[in-house]
file final-v1.csv (CSV, C-alpha atoms and all ligand atoms)
chain,number,residue,atom,x,y,z
A,27,MET,CA,93.2,200.4,101.1
A,28,ALA,CA,93.9,201.8,97.7
A,29,LEU,CA,96.7,204.3,98.1
A,30,ARG,CA,97.6,203.3,94.6
A,31,SER,CA,95.4,201.0,92.6
A,32,ASP,CA,93.2,198.6,94.6
A,33,TRP,CA,95.0,195.3,95.0
A,34,SER,CA,92.5,193.8,97.5
A,35,GLN,CA,90.9,191.5,94.9
A,36,ARG,CA,94.2,190.2,93.4
A,37,SER,CA,94.4,186.4,93.1
A,38,CYS,CA,97.9,186.4,94.7
A,39,SER,CA,97.8,186.6,98.5
A,40,MET,CA,101.2,188.5,98.5
A,41,ALA,CA,99.6,191.2,96.4
A,42,ARG,CA,96.6,191.4,98.6
A,43,GLY,CA,98.8,191.7,101.7
A,44,LEU,CA,101.0,194.3,100.1
A,45,ASP,CA,97.8,196.4,99.4
A,46,ILE,CA,98.0,197.0,103.2
A,47,LEU,CA,101.5,196.3,104.3
A,48,GLY,CA,103.3,197.5,101.2
A,49,ASP,CA,103.0,201.2,102.1
A,50,PRO,CA,106.0,202.7,103.9
A,51,TRP,CA,104.0,205.2,106.0
A,52,SER,CA,101.5,202.5,107.0
A,53,MET,CA,104.4,200.3,108.2
A,54,LEU,CA,105.9,203.2,110.1
A,55,VAL,CA,102.5,203.9,111.8
A,56,LEU,CA,102.4,200.2,112.8
A,57,ARG,CA,106.0,200.6,114.2
A,58,GLU,CA,104.8,203.5,116.3
A,59,VAL,CA,101.8,201.6,117.7
A,60,PHE,CA,104.0,198.6,118.5
A,61,PHE,CA,106.3,201.0,120.3
A,62,GLY,CA,103.3,202.1,122.4
A,63,ASN,CA,103.1,205.4,120.6
A,64,GLY,CA,99.5,205.4,119.4
A,65,ARG,CA,98.4,209.0,119.9
A,66,PHE,CA,98.1,211.2,116.9
A,67,ASP,CA,100.2,214.1,117.9
A,68,ALA,CA,103.0,211.9,119.3
A,69,MET,CA,103.0,209.8,116.1
A,70,LYS,CA,103.0,212.9,114.0
A,71,SER,CA,106.0,214.3,115.9
A,72,ARG,CA,108.0,211.1,115.7
A,73,LEU,CA,107.3,210.5,112.1
A,74,ALA,CA,107.6,214.1,111.0
A,75,VAL,CA,104.7,213.6,108.7
A,76,ALA,CA,101.9,215.8,107.4
A,77,ASP,CA,98.5,215.5,109.1
A,78,SER,CA,96.9,214.4,105.9
A,79,VAL,CA,99.4,211.6,105.3
A,80,LEU,CA,99.0,210.3,108.8
A,81,THR,CA,95.2,210.6,108.9
A,82,LYS,CA,95.0,208.7,105.6
A,83,ARG,CA,97.2,205.8,106.9
A,84,LEU,CA,95.4,205.6,110.3
A,85,THR,CA,92.0,205.6,108.5
A,86,GLY,CA,93.2,202.9,106.1
A,87,LEU,CA,94.7,200.7,108.9
A,88,VAL,CA,91.4,201.0,110.9
A,89,GLU,CA,89.3,200.1,107.8
A,90,ALA,CA,91.6,197.2,107.0
A,91,GLY,CA,91.2,195.9,110.6
A,92,LEU,CA,94.8,196.2,111.9
A,93,LEU,CA,94.2,199.1,114.3
A,94,ALA,CA,91.3,200.2,116.5
A,95,LYS,CA,90.5,203.6,118.0
A,96,ARG,CA,90.2,203.9,121.7
A,97,THR,CA,89.2,206.9,123.8
A,98,TYR,CA,91.5,208.2,126.5
A,99,ASP,CA,91.1,211.0,128.9
A,100,ASP,CA,93.4,214.0,128.2
A,101,GLY,CA,92.9,216.1,131.3
A,102,GLY,CA,89.2,215.9,131.2
A,103,ARG,CA,89.1,216.0,127.4
A,104,PRO,CA,88.2,212.7,125.6
A,105,ARG,CA,90.7,212.0,122.8
A,106,GLN,CA,91.3,209.1,120.5
A,107,GLU,CA,94.4,206.9,120.4
A,108,TYR,CA,95.1,203.9,118.1
A,109,VAL,CA,95.7,200.4,119.4
A,110,LEU,CA,96.5,197.1,117.7
A,111,THR,CA,93.9,194.5,116.9
A,112,SER,CA,94.9,190.9,116.8
A,113,MET,CA,95.1,191.2,113.0
A,114,GLY,CA,97.5,194.1,113.5
A,115,GLU,CA,99.5,192.2,116.1
A,116,ASP,CA,99.9,189.4,113.6
A,117,ALA,CA,101.8,191.7,111.3
A,118,LEU,CA,104.7,191.7,113.8
A,119,PRO,CA,106.9,189.1,112.0
A,120,VAL,CA,106.5,191.2,108.8
A,121,LEU,CA,107.9,194.2,110.6
A,122,ASN,CA,110.6,192.2,112.3
A,123,ALA,CA,111.6,190.7,108.9
A,124,VAL,CA,112.0,194.2,107.3
A,125,VAL,CA,114.2,195.3,110.2
A,126,MET,CA,116.4,192.2,109.9
A,127,TRP,CA,116.7,192.3,106.1
A,128,SER,CA,117.7,196.0,106.3
A,129,GLU,CA,120.2,195.4,109.1
A,130,LYS,CA,121.8,192.6,107.0
A,131,HIS,CA,121.8,194.3,103.6
A,132,LEU,CA,121.5,198.1,103.8
A,133,PRO,CA,124.2,200.5,104.9
A,134,ALA,CA,123.4,202.5,108.1
A,135,PRO,CA,124.0,206.2,107.8
A,136,SER,CA,125.5,206.3,111.3
A,137,ALA,CA,126.8,204.0,114.0
A,138,GLU,CA,123.6,204.4,116.0
A,139,ALA,CA,121.2,203.8,113.2
A,140,HIS,CA,120.4,200.3,114.1
A,141,MET,CA,117.4,198.4,115.4
A,142,PHE,CA,117.4,194.9,117.0
A,143,VAL,CA,114.6,192.5,117.8
A,144,ILE,CA,115.0,191.0,121.2
A,145,HIS,CA,113.2,188.0,122.8
A,146,THR,CA,112.5,189.2,126.3
A,147,GLY,CA,112.0,185.7,127.5
A,148,CYS,CA,115.7,185.0,127.3
A,149,GLY,CA,116.9,188.5,126.8
A,150,GLN,CA,118.8,187.7,123.5
A,151,ARG,CA,118.7,189.2,120.1
A,152,THR,CA,117.0,187.0,117.5
A,153,GLY,CA,118.0,186.6,113.9
A,154,SER,CA,114.6,185.3,112.8
A,155,ALA,CA,111.4,187.2,112.4
A,156,ASP,CA,109.1,184.8,114.2
A,157,THR,CA,111.2,182.6,116.4
A,158,CYS,CA,114.0,183.3,118.9
A,159,THR,CA,117.2,182.0,117.3
A,160,HIS,CA,118.8,181.8,120.8
A,161,CYS,CA,116.2,179.6,122.6
A,162,GLY,CA,113.7,178.5,119.9
A,163,GLU,CA,110.6,180.1,121.5
A,164,ARG,CA,108.0,181.5,119.1
A,165,LEU,CA,108.0,185.3,119.1
A,166,THR,CA,104.8,187.3,120.0
A,167,ALA,CA,104.3,190.9,120.7
A,168,ALA,CA,104.1,190.0,124.4
A,169,ASN,CA,107.6,188.5,124.5
A,170,THR,CA,109.4,190.8,122.1
A,171,SER,CA,111.1,194.1,122.5
A,172,TRP,CA,112.7,196.4,119.9
A,173,HIS,CA,115.9,198.2,120.5
A,174,SER,CA,116.2,201.2,118.3
A,175,LEU,CA,119.6,202.7,119.3
A,176,THR,CA,118.5,206.2,118.2
A,177,ARG,CA,115.3,206.0,120.1
A,178,SER,CA,116.1,204.7,123.6
A,179,GLU,CA,119.0,203.3,125.7
A,180,ALA,CA,117.0,200.2,126.6
A,181,PRO,CA,114.8,198.0,124.5
A,182,ILE,CA,111.1,198.8,124.5
A,183,ASN,CA,108.6,196.1,125.2
A,184,LEU,CA,106.0,196.0,122.4
A,185,ALA,CA,102.4,196.8,122.7
A,186,THR,CA,100.0,193.9,122.2
A,187,ALA,CA,96.5,193.8,120.8
A,188,ALA,CA,93.9,195.7,122.9
A,189,ALA,CA,91.7,193.3,124.9
A,201,ZN,ZN,114.9,183.4,123.3

call {"tool": "encode", "arguments": {"input": "final-v1.csv", "output": "structure tokens", "more": "lines below"}}
Ligand SMILES: [Zn+2]
result
Amino acid sequence: MALRSDWSQRSCSMARGLDILGDPWSMLVLREVFFGNGRFDAMKSRLAVADSVLTKRLTGLVEAGLLAKRTYDDGGRPRQEYVLTSMGEDALPVLNAVVMWSEKHLPAPSAEAHMFVIHTGCGQRTGSADTCTHCGERLTAANTSWHSLTRSEAPINLATAAA
């Protein structure tokens, strides 16, 4: 989606993936949509980001096929919100891995500045991005919650791809 140079035709699949998933704002937009926060104003508020930056990432993620636009009714006014596609939902282990790597290696600026990945099937924190290290079940958006201690007291069940 060419925020820098276009890497979409690179021979290395990691480079092609990073063309989309290597942008911090795009990853934070995906975080918000997984948290169920897919409306423009709410995302803008949570991310404290300029309209132009958010619009560019949303457009890029829709063009790349990770998000889709859906109309909702805002008190009689039709408005757009963003939902995950199955391609977007498949990025979940990438986001989980970033959280786990950061928790392991990067200092937190405060005691609350932590986020945990929880397998809702058994209720335990997992230490792996795609499998529950407590019970062995494969993680999907439907059986995973994120607990950001600065965001909510309880873990939040993740959004899944729109039907
Ligand atoms: Zn489990």

call {"tool": "residues_around", "arguments": {"input": "final-v1.csv", "residues": "Ala123 of chain A", "least_positions_apart": "2", "cutoff": "12 Å", "atoms": "all atoms listed in the file", "output": "MDAnalysis selection string"}}
result
chainID A and resid 117:121 125:130 141:143 152:157

call {"tool": "residues_near_ligand", "arguments": {"input": "final-v1.csv", "ligand": "ligand ZN 201 (chain A)", "cutoff": "7 Å", "atoms": "all atoms listed in the file", "output": "list in words"}}
result
His145, Thr146, Gly147, Cys148, Gly149, Gln150, Cys158, Thr159, His160, Cys161, Gly162 and Glu163 of chain A

call {"tool": "residues_around", "arguments": {"input": "final-v1.csv", "residues": "Thr85 of chain A", "least_positions_apart": "3", "cutoff": "12 Å", "atoms": "all atoms listed in the file", "output": "PyMOL selection string"}}
result
chain A and resi 27-29+46+52+55+66+77-82+88-95+108

call {"tool": "residues_around", "arguments": {"input": "final-v1.csv", "residues": "segment 168-174 of chain A", "least_positions_apart": "2", "cutoff": "9 Å", "atoms": "only C-alpha atoms", "output": "PyMOL selection string"}}
result
chain A and resi 61+122+138-147+164-166+176-186

call {"tool": "write_last_selection", "arguments": {"input": "final-v1.csv", "atoms": "C-alpha atoms", "output": "PDB file, keeping the file's coordinate frame"}}
result
ATOM      1  CA  PHE A  61     106.300 201.000 120.300  1.00  0.00           C
ATOM      2  CA  ASN A 122     110.600 192.200 112.300  1.00  0.00           C
ATOM      3  CA  GLU A 138     123.600 204.400 116.000  1.00  0.00           C
ATOM      4  CA  ALA A 139     121.200 203.800 113.200  1.00  0.00           C
ATOM      5  CA  HIS A 140     120.400 200.300 114.100  1.00  0.00           C
ATOM      6  CA  MET A 141     117.400 198.400 115.400  1.00  0.00           C
ATOM      7  CA  PHE A 142     117.400 194.900 117.000  1.00  0.00           C
ATOM      8  CA  VAL A 143     114.600 192.500 117.800  1.00  0.00           C
ATOM      9  CA  ILE A 144     115.000 191.000 121.200  1.00  0.00           C
ATOM     10  CA  HIS A 145     113.200 188.000 122.800  1.00  0.00           C
ATOM     11  CA  THR A 146     112.500 189.200 126.300  1.00  0.00           C
ATOM     12  CA  GLY A 147     112.000 185.700 127.500  1.00  0.00           C
ATOM     13  CA  ARG A 164     108.000 181.500 119.100  1.00  0.00           C
ATOM     14  CA  LEU A 165     108.000 185.300 119.100  1.00  0.00           C
ATOM     15  CA  THR A 166     104.800 187.300 120.000  1.00  0.00           C
ATOM     16  CA  THR A 176     118.500 206.200 118.200  1.00  0.00           C
ATOM     17  CA  ARG A 177     115.300 206.000 120.100  1.00  0.00           C
ATOM     18  CA  SER A 178     116.100 204.700 123.600  1.00  0.00           C
ATOM     19  CA  GLU A 179     119.000 203.300 125.700  1.00  0.00           C
ATOM     20  CA  ALA A 180     117.000 200.200 126.600  1.00  0.00           C
ATOM     21  CA  PRO A 181     114.800 198.000 124.500  1.00  0.00           C
ATOM     22  CA  ILE A 182     111.100 198.800 124.500  1.00  0.00           C
ATOM     23  CA  ASN A 183     108.600 196.100 125.200  1.00  0.00           C
ATOM     24  CA  LEU A 184     106.000 196.000 122.400  1.00  0.00           C
ATOM     25  CA  ALA A 185     102.400 196.800 122.700  1.00  0.00           C
ATOM     26  CA  THR A 186     100.000 193.900 122.200  1.00  0.00           C
TER      27      THR A 186
END

call {"tool": "atom_distance", "arguments": {"input": "final-v1.csv", "atom1": "atom CA of Ala74 of chain A", "atom2": "atom CA of Glu107 of chain A"}}
result
17.7 Å

call {"tool": "atom_distance", "arguments": {"input": "final-v1.csv", "atom1": "atom CA of Glu115 of chain A", "atom2": "atom CA of Leu56 of chain A"}}
result
9.1 Å

call {"tool": "atom_distance", "arguments": {"input": "final-v1.csv", "atom1": "atom CA of Gly114 of chain A", "atom2": "atom CA of Ala68 of chain A"}}
result
19.5 Å

call {"tool": "closest_residue", "arguments": {"input": "final-v1.csv", "among": "A:Ala76, A:Ser37, A:Arg83, A:Gly101", "to": "Trp51 of chain A", "atoms": "all atoms listed in the file"}}
result
A:Arg83
